[in-house]
Each structure stands twice: as C-alpha cells, then as structure tokens.
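Have a look at target-v3.cif; it's mmCIF, C-alpha atoms:
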```
data_protein
#
loop_
_atom_site.group_PDB
_atom_site.id
_atom_site.type_symbol
_atom_site.label_atom_id
_atom_site.label_comp_id
_atom_site.auth_asym_id
_atom_site.auth_seq_id
_atom_site.Cartn_x
_atom_site.Cartn_y
_atom_site.Cartn_z
ATOM 1 C CA MET A 1 121.341 112.077 68.172
ATOM 2 C CA ASP A 2 122.127 109.425 65.598
ATOM 3 C CA LEU A 3 118.992 107.557 64.445
ATOM 4 C CA LEU A 4 120.942 104.333 64.004
ATOM 5 C CA ARG A 5 122.004 104.424 67.648
ATOM 6 C CA LEU A 6 118.485 105.357 68.747
ATOM 7 C CA ARG A 7 117.064 102.371 66.857
ATOM 8 C CA SER A 8 119.562 100.041 68.527
ATOM 9 C CA PHE A 9 118.626 101.507 71.903
ATOM 10 C CA ALA A 10 114.862 101.230 71.300
ATOM 11 C CA GLU A 11 115.096 97.611 70.115
ATOM 12 C CA SER A 12 117.353 96.644 73.022
ATOM 13 C CA ALA A 13 114.892 98.183 75.472
ATOM 14 C CA ARG A 14 111.918 96.491 73.772
ATOM 15 C CA LEU A 15 113.505 93.035 73.495
ATOM 16 C CA GLY A 16 115.542 93.097 76.698
ATOM 17 C CA SER A 17 118.949 92.222 75.294
ATOM 18 C CA PHE A 18 121.615 93.408 72.869
ATOM 19 C CA ALA A 19 121.687 90.004 71.154
ATOM 20 C CA ALA A 20 117.948 90.009 70.450
ATOM 21 C CA ALA A 21 118.128 93.591 69.174
ATOM 22 C CA ALA A 22 121.050 92.653 66.934
ATOM 23 C CA ASP A 23 119.081 89.756 65.438
ATOM 24 C CA ALA A 24 116.073 91.990 64.804
ATOM 25 C CA LEU A 25 118.118 94.748 63.194
ATOM 26 C CA GLY A 26 120.634 92.629 61.309
ATOM 27 C CA TYR A 27 123.641 93.911 63.279
ATOM 28 C CA THR A 28 126.116 92.169 65.552
ATOM 29 C CA ALA A 29 125.648 92.259 69.323
ATOM 30 C CA PRO A 30 128.960 94.160 69.817
ATOM 31 C CA ALA A 31 127.796 96.778 67.307
ATOM 32 C CA VAL A 32 124.527 97.292 69.201
ATOM 33 C CA SER A 33 126.420 97.496 72.493
ATOM 34 C CA GLN A 34 128.715 100.092 70.959
ATOM 35 C CA HIS A 35 125.733 102.136 69.733
ATOM 36 C CA ILE A 36 124.329 102.238 73.266
ATOM 37 C CA ALA A 37 127.702 103.129 74.744
ATOM 38 C CA HIS A 38 128.020 106.082 72.331
ATOM 39 C CA LEU A 39 124.536 107.293 73.298
ATOM 40 C CA GLU A 40 125.296 107.044 76.995
ATOM 41 C CA LYS A 41 128.556 108.933 76.506
ATOM 42 C CA GLU A 42 126.756 111.622 74.525
ATOM 43 C CA LEU A 43 124.006 112.013 77.130
ATOM 44 C CA GLN A 44 126.330 111.425 80.106
ATOM 45 C CA CYS A 45 124.051 108.933 81.863
ATOM 46 C CA GLU A 46 123.261 105.222 81.964
ATOM 47 C CA LEU A 47 120.315 104.333 79.722
ATOM 48 C CA LEU A 48 120.261 100.547 80.038
ATOM 49 C CA ARG A 49 121.291 98.600 83.113
ATOM 50 C CA ARG A 50 123.268 95.497 82.045
ATOM 51 C CA GLY A 51 122.736 92.194 83.823
ATOM 52 C CA ALA A 52 123.154 88.445 83.437
ATOM 53 C CA ARG A 53 119.598 88.163 82.102
ATOM 54 C CA GLY A 54 119.765 91.057 79.672
ATOM 55 C CA VAL A 55 119.210 94.789 79.978
ATOM 56 C CA GLN A 56 116.655 96.947 81.805
ATOM 57 C CA LEU A 57 115.709 100.573 81.316
ATOM 58 C CA THR A 58 116.959 103.128 83.796
ATOM 59 C CA GLU A 59 114.807 106.150 84.592
ATOM 60 C CA PRO A 60 116.668 108.366 82.075
ATOM 61 C CA GLY A 61 116.411 105.504 79.576
ATOM 62 C CA ALA A 62 112.625 105.380 79.948
ATOM 63 C CA VAL A 63 112.434 109.114 79.223
ATOM 64 C CA LEU A 64 114.576 108.691 76.112
ATOM 65 C CA LEU A 65 112.631 105.645 74.900
ATOM 66 C CA ASP A 66 109.351 107.552 74.833
ATOM 67 C CA ARG A 67 110.866 110.234 72.624
ATOM 68 C CA ALA A 68 113.009 107.864 70.564
ATOM 69 C CA GLU A 69 109.966 105.842 69.497
ATOM 70 C CA ARG A 70 108.294 109.005 68.238
ATOM 71 C CA LEU A 71 111.425 110.153 66.385
ATOM 72 C CA LEU A 72 111.930 106.758 64.758
ATOM 73 C CA ALA A 73 108.286 106.530 63.700
ATOM 74 C CA GLU A 74 108.479 109.977 62.130
ATOM 75 C CA ALA A 75 111.730 109.061 60.388
ATOM 76 C CA ASP A 76 110.141 105.906 58.954
ATOM 77 C CA VAL A 77 107.129 107.847 57.723
ATOM 78 C CA ALA A 78 109.379 110.502 56.173
ATOM 79 C CA ALA A 79 111.478 107.879 54.385
ATOM 80 C CA GLN A 80 108.352 106.138 53.125
ATOM 81 C CA ALA A 81 106.894 109.432 51.864
ATOM 82 C CA VAL A 82 110.108 110.276 50.004
ATOM 83 C CA ARG A 83 110.283 106.831 48.405
ATOM 84 C CA GLU A 84 106.637 107.123 47.423
ATOM 85 C CA ALA A 85 107.167 110.571 45.876
ATOM 86 C CA ALA A 86 110.127 109.186 43.941
ATOM 87 C CA GLY A 87 108.050 106.284 42.673
ATOM 88 C CA GLN A 88 110.093 103.783 44.658
ATOM 89 C CA LEU A 89 107.434 102.496 47.082
ATOM 90 C CA ARG A 90 106.374 99.092 45.860
ATOM 91 C CA THR A 91 105.344 97.291 49.046
ATOM 92 C CA LEU A 92 102.631 97.575 51.660
ATOM 93 C CA ARG A 93 102.728 95.509 54.864
ATOM 94 C CA VAL A 94 99.407 95.111 56.655
ATOM 95 C CA GLY A 95 98.646 93.609 60.054
ATOM 96 C CA THR A 96 95.203 92.333 60.987
ATOM 97 C CA PHE A 97 93.242 89.955 63.217
ATOM 98 C CA PRO A 98 91.877 86.616 61.936
ATOM 99 C CA SER A 99 88.213 87.387 61.214
ATOM 100 C CA ALA A 100 89.115 90.618 59.396
ATOM 101 C CA ALA A 101 91.732 88.659 57.451
ATOM 102 C CA GLN A 102 88.972 86.347 56.269
ATOM 103 C CA ARG A 103 86.213 88.781 55.344
ATOM 104 C CA LEU A 104 87.400 92.370 55.209
ATOM 105 C CA VAL A 105 91.055 92.866 54.373
ATOM 106 C CA PRO A 106 91.303 90.604 51.263
ATOM 107 C CA ASP A 107 88.720 92.694 49.380
ATOM 108 C CA ALA A 108 90.584 95.905 50.188
ATOM 109 C CA LEU A 109 93.937 94.416 49.183
ATOM 110 C CA ALA A 110 92.445 93.084 45.946
ATOM 111 C CA ARG A 111 91.288 96.583 45.010
ATOM 112 C CA LEU A 112 94.752 97.968 45.767
ATOM 113 C CA ARG A 113 96.341 95.267 43.621
ATOM 114 C CA ASP A 114 94.005 96.117 40.742
ATOM 115 C CA GLU A 115 95.062 99.763 40.957
ATOM 116 C CA HIS A 116 98.770 98.992 41.477
ATOM 117 C CA PRO A 117 99.583 95.692 39.689
ATOM 118 C CA ASP A 118 103.283 95.874 40.619
ATOM 119 C CA LEU A 119 102.621 96.475 44.324
ATOM 120 C CA GLY A 120 104.108 93.938 46.734
ATOM 121 C CA LEU A 121 101.638 93.055 49.490
ATOM 122 C CA SER A 122 102.115 91.153 52.735
ATOM 123 C CA LEU A 123 99.809 90.282 55.628
ATOM 124 C CA LYS A 124 100.522 89.403 59.266
ATOM 125 C CA HIS A 125 98.128 88.217 61.976
ATOM 126 C CA TYR A 126 98.053 90.000 65.332
ATOM 127 C CA GLU A 127 95.565 89.635 68.158
ATOM 128 C CA PRO A 128 94.551 93.179 69.180
ATOM 129 C CA PRO A 129 96.205 95.259 70.393
ATOM 130 C CA ASP A 130 99.547 93.476 69.733
ATOM 131 C CA GLY A 131 99.856 94.773 66.178
ATOM 132 C CA LEU A 132 100.110 98.367 67.402
ATOM 133 C CA ILE A 133 103.491 97.672 68.960
ATOM 134 C CA GLN A 134 104.734 96.181 65.691
ATOM 135 C CA LEU A 135 103.371 99.196 63.820
ATOM 136 C CA ALA A 136 105.203 101.596 66.119
ATOM 137 C CA ALA A 137 108.391 99.579 65.583
ATOM 138 C CA GLY A 138 108.061 99.855 61.801
ATOM 139 C CA GLU A 139 107.360 96.146 61.225
ATOM 140 C CA VAL A 140 104.140 96.896 59.310
ATOM 141 C CA ASP A 141 102.701 99.971 57.585
ATOM 142 C CA ALA A 142 99.105 99.739 58.843
ATOM 143 C CA VAL A 143 97.111 97.543 61.215
ATOM 144 C CA VAL A 144 93.425 96.627 61.171
ATOM 145 C CA THR A 145 92.359 96.066 64.773
ATOM 146 C CA HIS A 146 89.275 96.209 66.992
ATOM 147 C CA ARG A 147 88.169 97.593 70.335
ATOM 148 C CA TYR A 148 85.311 96.193 72.408
ATOM 149 C CA PRO A 149 83.181 98.270 74.783
ATOM 150 C CA GLY A 150 84.593 98.084 78.287
ATOM 151 C CA VAL A 151 88.068 97.220 76.969
ATOM 152 C CA SER A 152 90.849 99.807 76.972
ATOM 153 C CA TRP A 153 94.464 99.586 75.904
ATOM 154 C CA PRO A 154 97.220 102.185 75.567
ATOM 155 C CA CYS A 155 98.031 103.376 72.070
ATOM 156 C CA PRO A 156 101.841 103.354 71.612
ATOM 157 C CA THR A 157 103.629 106.612 71.018
ATOM 158 C CA GLY A 158 103.702 107.468 67.325
ATOM 159 C CA VAL A 159 100.511 105.530 66.501
ATOM 160 C CA ARG A 160 96.980 106.780 65.883
ATOM 161 C CA THR A 161 93.724 104.972 65.159
ATOM 162 C CA THR A 162 90.703 105.884 63.054
ATOM 163 C CA THR A 163 87.336 104.128 63.145
ATOM 164 C CA LEU A 164 86.372 102.180 60.037
ATOM 165 C CA VAL A 165 82.956 100.901 61.084
ATOM 166 C CA ALA A 166 80.958 99.663 64.065
ATOM 167 C CA ASP A 167 80.737 95.862 64.073
ATOM 168 C CA PRO A 168 77.523 94.752 65.854
ATOM 169 C CA LEU A 169 77.778 92.071 68.525
ATOM 170 C CA MET A 170 75.039 89.567 67.753
ATOM 171 C CA LEU A 171 73.396 86.973 69.992
ATOM 172 C CA MET A 172 73.764 83.392 68.748
ATOM 173 C CA VAL A 173 71.060 80.939 69.826
ATOM 174 C CA ALA A 174 69.960 77.491 68.677
ATOM 175 C CA ASP A 175 67.053 77.386 66.230
ATOM 176 C CA ASP A 176 64.887 75.680 68.858
ATOM 177 C CA HIS A 177 65.734 78.210 71.600
ATOM 178 C CA PRO A 178 62.703 80.188 72.884
ATOM 179 C CA LEU A 179 64.365 83.427 71.706
ATOM 180 C CA ALA A 180 64.905 82.173 68.143
ATOM 181 C CA GLU A 181 61.569 83.547 66.960
ATOM 182 C CA ARG A 182 62.604 87.087 67.862
ATOM 183 C CA THR A 183 64.739 89.500 65.831
ATOM 184 C CA ARG A 184 66.398 91.293 68.729
ATOM 185 C CA VAL A 185 66.876 90.969 72.477
ATOM 186 C CA ASP A 186 68.041 93.189 75.322
ATOM 187 C CA ILE A 187 71.078 92.121 77.354
ATOM 188 C CA GLY A 188 68.974 92.402 80.512
ATOM 189 C CA GLN A 189 66.729 89.583 79.294
ATOM 190 C CA LEU A 190 69.608 87.093 79.296
ATOM 191 C CA ARG A 191 70.334 86.959 83.043
ATOM 192 C CA ASP A 192 69.131 83.336 83.305
ATOM 193 C CA GLU A 193 70.982 82.089 80.217
ATOM 194 C CA THR A 194 74.128 79.958 80.125
ATOM 195 C CA PHE A 195 76.825 81.623 78.001
ATOM 196 C CA ILE A 196 79.608 80.322 75.790
ATOM 197 C CA SER A 197 82.439 82.857 75.703
ATOM 198 C CA GLY A 198 86.194 83.344 75.960
ATOM 199 C CA THR A 199 88.307 83.468 79.094
ATOM 200 C CA THR A 200 87.982 86.347 81.544
ATOM 201 C CA ALA A 201 90.857 88.133 79.740
ATOM 202 C CA ASP A 202 89.223 87.860 76.300
ATOM 203 C CA PRO A 203 87.856 91.212 74.990
ATOM 204 C CA ASN A 204 84.568 89.577 73.961
ATOM 205 C CA ARG A 205 84.088 88.202 77.492
ATOM 206 C CA ILE A 206 85.000 91.575 79.039
ATOM 207 C CA ALA A 207 82.391 93.310 76.851
ATOM 208 C CA LEU A 208 79.773 90.715 77.822
ATOM 209 C CA ALA A 209 80.575 91.153 81.525
ATOM 210 C CA ALA A 210 80.441 94.961 81.274
ATOM 211 C CA ALA A 211 77.093 94.965 79.439
ATOM 212 C CA SER A 212 75.616 92.424 81.853
ATOM 213 C CA ALA A 213 76.841 94.380 84.863
ATOM 214 C CA GLY A 214 75.005 97.405 83.482
ATOM 215 C CA ALA A 215 71.849 95.274 83.506
ATOM 216 C CA GLY A 216 72.486 94.192 87.103
ATOM 217 C CA TYR A 217 73.818 90.652 86.801
ATOM 218 C CA ILE A 218 76.955 88.548 86.239
ATOM 219 C CA PRO A 219 76.714 86.272 83.178
ATOM 220 C CA HIS A 220 77.025 82.542 83.816
ATOM 221 C CA VAL A 221 79.760 81.311 81.466
ATOM 222 C CA ALA A 222 79.944 77.521 81.551
ATOM 223 C CA PHE A 223 81.896 76.931 78.315
ATOM 224 C CA GLU A 224 85.063 78.853 77.463
ATOM 225 C CA THR A 225 86.366 79.054 73.900
ATOM 226 C CA THR A 226 87.554 81.767 71.514
ATOM 227 C CA ASP A 227 86.918 79.561 68.471
ATOM 228 C CA TYR A 228 83.671 80.769 66.914
ATOM 229 C CA ALA A 229 83.204 77.558 64.934
ATOM 230 C CA ALA A 230 83.352 75.634 68.223
ATOM 231 C CA THR A 231 81.030 78.216 69.755
ATOM 232 C CA ALA A 232 78.503 77.635 66.986
ATOM 233 C CA ALA A 233 78.685 73.863 67.497
ATOM 234 C CA LEU A 234 78.035 74.244 71.226
ATOM 235 C CA VAL A 235 75.134 76.645 70.645
ATOM 236 C CA ARG A 236 73.680 74.380 67.957
ATOM 237 C CA ASN A 237 73.633 71.516 70.442
ATOM 238 C CA GLY A 238 71.839 73.508 73.098
ATOM 239 C CA PHE A 239 74.674 74.126 75.566
ATOM 240 C CA GLY A 240 74.077 77.868 75.781
ATOM 241 C CA VAL A 241 73.965 81.181 73.936
ATOM 242 C CA ALA A 242 76.876 83.323 72.746
ATOM 243 C CA VAL A 243 77.742 86.887 71.799
ATOM 244 C CA VAL A 244 79.519 86.906 68.427
ATOM 245 C CA PRO A 245 80.646 89.869 66.279
ATOM 246 C CA ARG A 246 78.884 90.019 62.928
ATOM 247 C CA LEU A 247 82.246 89.989 61.126
ATOM 248 C CA ALA A 248 83.185 86.735 62.886
ATOM 249 C CA TRP A 249 79.869 84.968 62.272
ATOM 250 C CA PRO A 250 80.656 81.402 61.113
ATOM 251 C CA ALA A 251 79.979 80.299 57.548
ATOM 252 C CA ASP A 252 78.029 77.244 58.730
ATOM 253 C CA THR A 253 74.769 78.668 60.069
ATOM 254 C CA ASP A 254 72.740 75.451 60.135
ATOM 255 C CA GLY A 255 70.827 75.124 63.406
ATOM 256 C CA ILE A 256 71.697 78.593 64.742
ATOM 257 C CA THR A 257 69.885 81.927 64.698
ATOM 258 C CA LYS A 258 71.324 85.449 64.770
ATOM 259 C CA LEU A 259 69.632 88.111 66.924
ATOM 260 C CA SER A 260 70.407 91.811 67.289
ATOM 261 C CA LEU A 261 71.637 92.594 70.803
ATOM 262 C CA ARG A 262 70.588 95.777 72.577
ATOM 263 C CA VAL A 263 71.610 97.596 75.749
ATOM 264 C CA ASP A 264 68.865 99.434 77.675
ATOM 265 C CA GLY A 265 66.406 98.386 74.980
ATOM 266 C CA ARG A 266 67.748 100.931 72.462
ATOM 267 C CA ARG A 267 71.476 101.050 71.932
ATOM 268 C CA ALA A 268 73.109 98.310 69.856
ATOM 269 C CA LEU A 269 76.037 96.501 71.433
ATOM 270 C CA THR A 270 78.989 96.892 69.041
ATOM 271 C CA ARG A 271 82.748 96.777 68.813
ATOM 272 C CA GLN A 272 84.744 99.268 66.750
ATOM 273 C CA LEU A 273 86.859 98.195 63.789
ATOM 274 C CA LEU A 274 89.887 100.482 63.589
ATOM 275 C CA LEU A 275 92.749 101.218 61.230
ATOM 276 C CA ALA A 276 95.990 102.085 63.014
ATOM 277 C CA THR A 277 98.691 104.087 61.256
ATOM 278 C CA ARG A 278 101.779 105.948 62.325
ATOM 279 C CA THR A 279 101.388 109.632 63.164
ATOM 280 C CA GLY A 280 102.451 112.256 60.676
ATOM 281 C CA ARG A 281 101.675 112.355 56.971
ATOM 282 C CA VAL A 282 99.723 109.293 55.842
ATOM 283 C CA PRO A 283 101.338 107.761 52.714
ATOM 284 C CA THR A 284 99.074 107.597 49.687
ATOM 285 C CA LEU A 285 98.990 103.787 49.660
ATOM 286 C CA VAL A 286 97.885 103.682 53.292
ATOM 287 C CA ALA A 287 95.219 106.315 52.598
ATOM 288 C CA GLU A 288 93.973 104.233 49.659
ATOM 289 C CA LEU A 289 93.917 101.137 51.876
ATOM 290 C CA ARG A 290 91.830 103.026 54.436
ATOM 291 C CA GLN A 291 89.333 104.031 51.751
ATOM 292 C CA HIS A 292 89.048 100.482 50.401
ATOM 293 C CA LEU A 293 88.621 99.083 53.922
ATOM 294 C CA ALA A 294 85.815 101.555 54.593
ATOM 295 C CA GLU A 295 84.121 100.497 51.349
ATOM 296 C CA ALA A 296 84.563 96.810 52.140
ATOM 297 C CA SER A 297 83.207 97.373 55.663
ATOM 298 C CA SER A 298 80.006 98.898 54.330
#
```

Let me see the file written as structure tokens.
Amino acid sequence: MDLLRLRSFAESARLGSFAAAADALGYTAPAVSQHIAHLEKELQCELLRRGARGVQLTEPGAVLLDRAERLLAEADVAAQAVREAAGQLRTLRVGTFPSAAQRLVPDALARLRDEHPDLGLSLKHYEPPDGLIQLAAGEVDAVVTHRYPGVSWPCPTGVRTTTLVADPLMLMVADDHPLAERTRVDIGQLRDETFISGTTADPNRIALAAASAGAGYIPHVAFETTDYAATAALVRNGFGVAVVPRLAWPADTDGITKLSLRVDGRRALTRQLLLATRTGRVPTLVAELRQHLAEASS
C-alpha cells in the first residue's frame, strides 16, 4: 500500500474530516479524498464512512488504522535514520509538560546544543499523555512525560516509554503547621487534613485518592487548583496541605515546608518521569537526549 495514501487515511481518521487532514498534511481536500478512494478500491471495502459532519471509521478501517500507524511510525524512523546517517539531520523536536520544561529539559537541550552547535531545536508543551499521540503522528521526535501511581493510559501503537527517574511526591505544609517540625509523614496520618489539589480528573488528585484509599480514607479536598504557585499561596495561608511533585516545587518557598511522603510507613510516594520515543531504532540524537535527561534528572 502507498504510504502517502495511508498517511492521508490515518490523518482523516484522527481528525475526523478530509479538510482537516488536508490542512495538516499540506494537501487539498480533493487530493485526500482521492487517496482514500484509491485505498478503498485496492482493499475492496469502505474504510471511512462519509457524513455531513465528517468521516467515521468503519470496522475494516479501524483494523487498517492500527496497522497504518505502526507502518507510518516505522517509515518516519527509517527516514530519520537515513538522514542522520547521511549527515542531513539538523533538527530535534521535543514535547514536554510545563514543570519539566522549566527545570529538566532546558539543561538537556543545552548540552545537546553544545555538542551540535548547528542543531535546530524546538519545544512543545503537552499535558500527559497528549504528547504521545503527537509523537505517534510524527509531530515530534521525543516526548518527556509522567505517570502517577493509580493513573493508567494507553500507549499509542508505535510508541514506547522508558523511565528516566522517580519524582517524589512531597507534602507541602505551612511553616506553622504541627507537621512542619517533621521530615516525613505517612499518608495514613493525613486523614483529618484539608487538601488542596486538582480536579477529580487530575493525575495528582487521582494519585492522592488512590494512596488515601489504601490507608482507609477519602481525602477532603476543599480547594481545587492545578497551579502550584496558587497551591503554595493557599498552603502558606493555612487553608490546607498539598501533595506536590519535587520537580514542580515552586521557587518561592517562604512560609512553606517540604516533607517526604510515605505509604505504609516505608515506601515513598512517587511519580515516574518518562521519555517516549517511537518504536524501532532510536536515532542517535534522541539517544543523546535520553542520556542528557537522565543526567539532568539526577
């Protein structure tokens, strides 16, 4: 099957219309429609059901999409490897989440730039796990992401993740809080506390709920925010306590204390920082990025 037609099909299925796929790929909508028609003629079945509101996958189309995404990812990796071997690869596109973009990724990119002064670098922000979809689609070359305990998400076809480091989840309390004199606390000792956390769909909140459930209680969350600077301000003023990843700890620490958080009195509560890449051979630049990220993490 023609890769050009497969790419038009995959983008149309992902975006839900020929026009959107055409915009993303730089084609015309009639050209994309023609690509799909050729595929359907070749395979002798309908792949996308046309409608007034766009297109929808048929059952045969869903089967093809799964395999097309893998083929396209492998083709992109192969092309990148060839360009790299020929000395033509001069760009690296990295996706990441905000706190890593502040404190982890810049150091790694700076080391890459020092080693490859002519390398073109770009950075895009994605809230996990959104960047994985963009990685699978070839929009970026690598993605720094995270996974909290109790939170699961499907890894797209053609994408794999490797762990960079465990990022401890710390307890944030006001300096005058009774716990502030301690260095660590068990999650089970917080059943009577008021928490500041994200919404029920936020990974941090899900991890807090899962850890608390293991200790036999439901955490009382009275203030909802995903802004850690706002969280710190609320904690500082005595409105509650919060669970904050070490990587995301705010720069302004006046009036707040950081405590290690344990589960069952022994195990640290952590999230995993991950590097996502496409399956197949890892290009040298991506491998170097992974090494520099691991060094920056430590």

Would you kindly translate the PyMOL selection byres ((chain A and resi 175) around 9) into the concrete residues it picks from this file, as a ChimeraX atom specification?
/A:173-174,176-181,236,254-257

Which residue, A:Met172, A:Lys41, A:Val165, A:Val140, has the smallest gap to Asn237 of chain A when you use only C-alpha atoms?
A:Met172

Output the residue selection produced by the PyMOL selection byres ((chain A and resi 193-198) around 6) on the file above, formatted as JSON, numbers by chain.
{"A": [190, 191, 192, 199, 202, 205, 220, 221, 223, 224, 225, 226, 240, 241, 242]}

Using the selection just defined, write its residues with C-alpha atoms as an mmCIF file, in the frame of the given file.
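As written to disk, result14.cif reads:
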```cif
data_model
loop_
_atom_site.group_PDB
_atom_site.id
_atom_site.type_symbol
_atom_site.label_atom_id
_atom_site.label_comp_id
_atom_site.auth_asym_id
_atom_site.auth_seq_id
_atom_site.Cartn_x
_atom_site.Cartn_y
_atom_site.Cartn_z
ATOM 1 C CA LEU A 190 69.608 87.093 79.296
ATOM 2 C CA ARG A 191 70.334 86.959 83.043
ATOM 3 C CA ASP A 192 69.131 83.336 83.305
ATOM 4 C CA THR A 199 88.307 83.468 79.094
ATOM 5 C CA ASP A 202 89.223 87.860 76.300
ATOM 6 C CA ARG A 205 84.088 88.202 77.492
ATOM 7 C CA HIS A 220 77.025 82.542 83.816
ATOM 8 C CA VAL A 221 79.760 81.311 81.466
ATOM 9 C CA PHE A 223 81.896 76.931 78.315
ATOM 10 C CA GLU A 224 85.063 78.853 77.463
ATOM 11 C CA THR A 225 86.366 79.054 73.900
ATOM 12 C CA THR A 226 87.554 81.767 71.514
ATOM 13 C CA GLY A 240 74.077 77.868 75.781
ATOM 14 C CA VAL A 241 73.965 81.181 73.936
ATOM 15 C CA ALA A 242 76.876 83.323 72.746
#
```

Atom CA of Leu109 of chain A to atom CA of Arg90 of chain A: how many Å, to one decimal?
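About the pair atom CA of Leu109 of chain A and atom CA of Arg90 of chain A: they are 13.7 Å apart.
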
What would the selection look like, as a tab-separated table (two decimals) with C-alpha atoms, in the frame of the given file, if the PyMOL selection byres ((chain A and resi 248) around 9) were run on the coordinates I just shared?
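Heads up, here's the output in part-v5.tsv:
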```tsv
chain	number	residue	atom	x	y	z
A	98	PRO	CA	91.88	86.62	61.94
A	99	SER	CA	88.21	87.39	61.21
A	100	ALA	CA	89.12	90.62	59.40
A	102	GLN	CA	88.97	86.35	56.27
A	103	ARG	CA	86.21	88.78	55.34
A	228	TYR	CA	83.67	80.77	66.91
A	244	VAL	CA	79.52	86.91	68.43
A	245	PRO	CA	80.65	89.87	66.28
A	246	ARG	CA	78.88	90.02	62.93
A	247	LEU	CA	82.25	89.99	61.13
A	249	TRP	CA	79.87	84.97	62.27
A	250	PRO	CA	80.66	81.40	61.11
A	251	ALA	CA	79.98	80.30	57.55
```

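Using all atoms listed in the file for every distance, the candidate list A:Leu104, A:Leu72, A:Leu65, A:Leu6 yields A:Leu104 as the residue closest to Ala296 of chain A.
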
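Take atom CA of Val243 of chain A and atom CA of Cys155 of chain A: the distance between them is 26.1 Å.
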
Top pick for closest residue to Leu275 of chain A, considering A:Ala10, A:Ala29, A:Ala287, A:Val144 and counting all atoms listed in the file:
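Ranking A:Ala10, A:Ala29, A:Ala287, A:Val144 by distance to Leu275 of chain A, first place goes to A:Val144.
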
Can you list, as JSON, numbers by chain, every protein, DNA or RNA residue that comes within 12 Å of His116 of chain A when you count all atoms listed in the file, leaving out same-chain residues fewer than 3 positions away?
{"A": [87, 89, 90, 91, 92, 109, 110, 111, 112, 113, 119, 120, 121, 284, 285, 288, 289]}

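In this structure, atom CA of Gln134 of chain A sits 10.5 Å away from atom CA of Val94 of chain A.
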
Could you please give me, as a PyMOL selection string, the residues of protein, DNA or RNA lying at most 12 Å from (100.4, 98.4, 62.2) in the coordinate frame of the file, considering all atoms listed in the file?
chain A and resi 73+92-97+123-145+155-156+158-161+274-279+286

Save the residues we just selected, C-alpha atoms, as a JSON list (two decimals), in the coordinates of the input?
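Contents of out19.json, as written:
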```json
[["chain", "number", "residue", "atom", "x", "y", "z"],
["A", 73, "ALA", "CA", 108.29, 106.53, 63.70],
["A", 92, "LEU", "CA", 102.63, 97.58, 51.66],
["A", 93, "ARG", "CA", 102.73, 95.51, 54.86],
["A", 94, "VAL", "CA", 99.41, 95.11, 56.66],
["A", 95, "GLY", "CA", 98.65, 93.61, 60.05],
["A", 96, "THR", "CA", 95.20, 92.33, 60.99],
["A", 97, "PHE", "CA", 93.24, 89.96, 63.22],
["A", 123, "LEU", "CA", 99.81, 90.28, 55.63],
["A", 124, "LYS", "CA", 100.52, 89.40, 59.27],
["A", 125, "HIS", "CA", 98.13, 88.22, 61.98],
["A", 126, "TYR", "CA", 98.05, 90.00, 65.33],
["A", 127, "GLU", "CA", 95.56, 89.64, 68.16],
["A", 128, "PRO", "CA", 94.55, 93.18, 69.18],
["A", 129, "PRO", "CA", 96.20, 95.26, 70.39],
["A", 130, "ASP", "CA", 99.55, 93.48, 69.73],
["A", 131, "GLY", "CA", 99.86, 94.77, 66.18],
["A", 132, "LEU", "CA", 100.11, 98.37, 67.40],
["A", 133, "ILE", "CA", 103.49, 97.67, 68.96],
["A", 134, "GLN", "CA", 104.73, 96.18, 65.69],
["A", 135, "LEU", "CA", 103.37, 99.20, 63.82],
["A", 136, "ALA", "CA", 105.20, 101.60, 66.12],
["A", 137, "ALA", "CA", 108.39, 99.58, 65.58],
["A", 138, "GLY", "CA", 108.06, 99.86, 61.80],
["A", 139, "GLU", "CA", 107.36, 96.15, 61.22],
["A", 140, "VAL", "CA", 104.14, 96.90, 59.31],
["A", 141, "ASP", "CA", 102.70, 99.97, 57.58],
["A", 142, "ALA", "CA", 99.10, 99.74, 58.84],
["A", 143, "VAL", "CA", 97.11, 97.54, 61.22],
["A", 144, "VAL", "CA", 93.42, 96.63, 61.17],
["A", 145, "THR", "CA", 92.36, 96.07, 64.77],
["A", 155, "CYS", "CA", 98.03, 103.38, 72.07],
["A", 156, "PRO", "CA", 101.84, 103.35, 71.61],
["A", 158, "GLY", "CA", 103.70, 107.47, 67.32],
["A", 159, "VAL", "CA", 100.51, 105.53, 66.50],
["A", 160, "ARG", "CA", 96.98, 106.78, 65.88],
["A", 161, "THR", "CA", 93.72, 104.97, 65.16],
["A", 274, "LEU", "CA", 89.89, 100.48, 63.59],
["A", 275, "LEU", "CA", 92.75, 101.22, 61.23],
["A", 276, "ALA", "CA", 95.99, 102.08, 63.01],
["A", 277, "THR", "CA", 98.69, 104.09, 61.26],
["A", 278, "ARG", "CA", 101.78, 105.95, 62.32],
["A", 279, "THR", "CA", 101.39, 109.63, 63.16],
["A", 286, "VAL", "CA", 97.88, 103.68, 53.29]]
```

A:Asp252, A:Asp107, A:Gln44, A:Gln189 ranked by distance to Arg290 of chain A, top pick (using all atoms listed in the file):
A:Asp107

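Nearest residue to Asp167 of chain A, choosing from A:Leu261, A:Ile36, A:Val185, A:Leu15 and counting all atoms listed in the file: A:Leu261.
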
My list of candidates is A:His292, A:His35, A:His146, A:Arg266. Which is closest to Glu11 of chain A when distances are computed with all atoms listed in the file?
A:His35

With 6 Å added on each side, what axis-aligned box encloses every listed atom of segment 183-189 of chain A? Give the centre and edge lengths in Å to one decimal, as JSON.
```
{"center_x": 67.9, "center_y": 91.3, "center_z": 73.2, "size_x": 18.3, "size_y": 15.7, "size_z": 26.7}
```

Can you tell me which residues surround Asp264 of chain A at a distance of at most 12 Å, considering all atoms listed in the file, apart from same-chain residues fewer than 6 positions away, and format the answer as a ChimeraX atom specification?
/A:185-189,211-216
